[in-house]
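Accompanying notes for the structure given below.
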Amino acid sequence: MNVVDAVREAGVVGAGGAGFPTHVKLNAEADTVIANGAECEPLLHKDAELTEVFPREVVLGMELSMQATGAKDAIFGIKAKRKKAIEALEQAASGGPVRTHLLGDYYPTGDEYVLVYETTGRLIPAGGIPLQVGAVVHNSESLYHIAEAVQGRPVVKKFLTVTGAVKQPMSLAVPTGITLQELIDIAGGTTTEDTTVFVGGVMMGSIEQDLGKPVTKTTGGLIVLPTSHTLVQRMLRPQKQMDRIGKSACDQCSYCTEFCPRYLLGYDVQPHKVMRSLGFTATGGENWSKWADLCCACNLCTLYSCPEDLYPKQACDKGKTDRKEAGMERWLGPSQEITAHPMEPGRHVPLKSLIRKLGLDDFNVSAPWVETNYQPEVVNLPLSQHVGAPSVPVVKVGDKVKKGQLVAEIAKDKLGARIHASIDGTVASVNGVIQIKHS
Ligand code: SF4
Ligand code: SF4
């Protein structure tokens, strides 16, 4: 079986959060494979831990990706501070085509546009994808799964960091489909009573109130914080309130734009102008919102740049939605010619400064790799945990399944990914989610 078919069979998707089916990415021609090992979300480091523990698999994933796409170059983007992971990686890659590219410790190095520019000097066309500049980008964990796929092992586990207000911050691999609460329990439970959980990071993730939700192929990590923490309180504010404060308090200083990583790369993103849309509640707001269309939702403007603690990122989110609903064409900027801002290298926001600004210094501890052999009683596998159409169940209630067995197939002629049982057991329900009970 060729690499693309093996990866398709195994249900590999982009593990960095987006969940784009990896077999589709591999079924293309590219000259460069880039590993996204940047991992720039504060407090999360499972990719570094994974790379340190499984360097051979990660390197093999890159080599297989080169084979599939015909790429001649393979660059592993990783922060220079990840010394142990780099050592393991370079040893595993020794004598082969994969080389490392050391990244600075700033946010958001993991943004694909930033990563491609940093590692190759190429700028992706506005609104485009890395393939348009000859690159295919995979998250470190996806590379591990590519290597597993060619051995006939499907995706049945998820690598994550669980940290913050938990007794034992750790990075680990667990069966897909366990609950967020089980993850917190594995990490020893919380250190304080009233907590709030960020899934996928404090910058680009979201607050999850329902801890019964399952870990999917794209769950990036868990950060548990006391609910009284300023960051939690800021992010729990309803959008209407965010808008009202922004409308009255924004002084158009434009710091949000000046620090915006996409603006600095040369794309026409200008959140300070989007903030003006908040004043046009009756009509015309969408016209100011066009400067949100190329925003990558990194949240830097809201959580770092704005001196008044306003919400330009959320204004951009709203602006994008409003323009889509109004049927307006996506704004790609005044010119197709993209040139990075001369101040781009000097305006990177150090992760250390970001963590301080977020008030997370006390939680910035190591979350080392822990080998666990957690055996859940029940797993819930959503049919939609990837980009594309929901998968189609191939099992029914009462069926006995084995770990690694196919339970849902890609919908016919649609973009999607297969889903496999993550434990041995019996199918208990099939209704948007396949529930398997251990037996
Ligand atoms: S940084 Fe804050 S105050 Fe300044 S323009 Fe942006 S949203 Fe307005
Ligand atoms: S969230 Fe803010 S800083 Fe980030 S890309 Fe969008 S506008 Fe720029």
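As shown in the structure tokens, the chain order sets the letters A, B, ...; within each chain, residues go from 1, and ligands are also counted from 1 in the order they appear.
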
Write out as a list in words which residues come within 10 Å of Phe363 in chain A when counting only C-alpha atoms, dropping same-chain ones fewer than 3 positions away. Pro42, Leu43, Thr163, Gly164, Ala165, Val166, Pro169, Ile223, Val224, Leu225, Ile355, Gly359, Leu360 and Ser366 of chain A

Rows by chain and residue number, chain A within 6 Å of ligand 1, shortest pair, only C-alpha atoms and all ligand atoms, as a Markdown table:
```
| residue | atom | partner | partner_atom_place_in_ligand_line | distance |
| --- | --- | --- | --- | --- |
| A:Cys250 | CA | ligand 1 | 8 (Fe) | 3.8 |
| A:Asp251 | CA | ligand 1 | 3 (S) | 4.8 |
| A:Gln252 | CA | ligand 1 | 5 (S) | 3.5 |
| A:Cys253 | CA | ligand 1 | 4 (Fe) | 3.9 |
| A:Ser254 | CA | ligand 1 | 5 (S) | 3.8 |
| A:Tyr255 | CA | ligand 1 | 1 (S) | 4.3 |
| A:Cys256 | CA | ligand 1 | 1 (S) | 4.1 |
| A:His272 | CA | ligand 1 | 5 (S) | 4.2 |
| A:Ser305 | CA | ligand 1 | 1 (S) | 5.9 |
| A:Cys306 | CA | ligand 1 | 1 (S) | 3.6 |
| A:Pro307 | CA | ligand 1 | 2 (Fe) | 5.9 |
| A:Glu308 | CA | ligand 1 | 2 (Fe) | 5.6 |
| A:Leu310 | CA | ligand 1 | 2 (Fe) | 5.4 |
| A:Pro312 | CA | ligand 1 | 7 (S) | 5.1 |
```

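Each of A:Asp243, A:Glu258, A:Glu29, A:Glu286 was checked against ligand 2 using only C-alpha atoms and all ligand atoms; the smallest atom-to-atom distance is that of A:Glu258.
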
Pairwise distance for CA of Val387 in chain A and CA of Leu332 in chain A, rounded to one decimal in Å: 23.0 Å

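A distance search around ligand 2 (8 Å at most, only C-alpha atoms and all ligand atoms) returns the following protein and nucleic acid residues: Cys256, Thr257, Phe259, Cys260, Pro261, Arg262, Tyr263, Val269, Gln270, Pro271, Ala292, Leu294, Cys295, Cys296, Ala297, Cys298, Asn299, Leu300, Cys301, Thr302, Ser305, Pro312, Lys313, Gln314 and Cys316 of chain A.
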
Quick one: residues within 10 Å of Thr120 in chain A, only C-alpha atoms, excluding same-chain residues fewer than 6 positions away - as a PyMOL selection string? chain A and resi 32+34+75+101+133+135

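Between CA of Val392 in chain A and CA of Leu415 in chain A there is a distance of 12.1 Å.
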
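You will find CA of Val114 in chain A at 28.9 Å from CA of Thr230 in chain A.
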
I'd like the neighbourhood of His23 in chain A as a ChimeraX atom specification, where a residue qualifies if any of its atoms comes within 10 Å (using only C-alpha atoms), though same-chain residues fewer than 5 positions away should be ignored. /A:3-14,28,65,68,146,416-417

Sorted per-residue table, range 325-379 of chain A near range 176-179 of chain A, closest atoms and distance, 8 Å, only C-alpha atoms, as CSV:
```
residue,atom,partner,partner_atom,distance
A:Pro376,CA,A:Ile178,CA,6.8
A:Val378,CA,A:Ile178,CA,7.1
A:Val379,CA,A:Gly177,CA,4.4
```

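Using only C-alpha atoms, the shortest contact distance between Leu180 in chain A and any of A:Gln168, A:Asn380, A:Ile86, A:Thr22 is found at A:Asn380.
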
Which polymer residues have any atom within 12 Å of an atom of Thr216 in chain A, counting only C-alpha atoms, with same-chain residues fewer than 3 positions away left out, as an MDAnalysis selection string? chainID A and resid 12:19 155:160 173:180 199:200 213 219:221 379:386 419:420 422 433

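Within the 7 Å cut-off around Asp424 in chain A, using only C-alpha atoms and omitting residues fewer than 4 positions from it on the same chain, the listed residues are Val401, Lys402, Lys403, His438 and Ser439 of chain A.
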
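Proximity ranking of A:Ile434, A:Ile410, A:Arg122, A:Thr372 relative to Val397 in chain A places A:Ile434 first, based on only C-alpha atoms.
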
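Distance check against Leu50 in chain A using only C-alpha atoms: of A:Asp322, A:Glu118, A:Glu141, A:Glu182, the minimum falls on A:Glu141.
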
Please run DSSP on the backbone and report, as a list of chain:residue names, all residues within range 294-391 of chain A that come out as alpha helix (DSSP H). A:Leu300, A:Pro312, A:Lys313, A:Gln314, A:Ala315, A:Cys316, A:Asp317, A:Lys318, A:Gly319, A:Lys320, A:Thr321, A:Asp322, A:Arg323, A:Lys324, A:Glu325, A:Leu351, A:Lys352, A:Ser353, A:Leu354, A:Ile355, A:Arg356, A:Lys357, A:Leu358
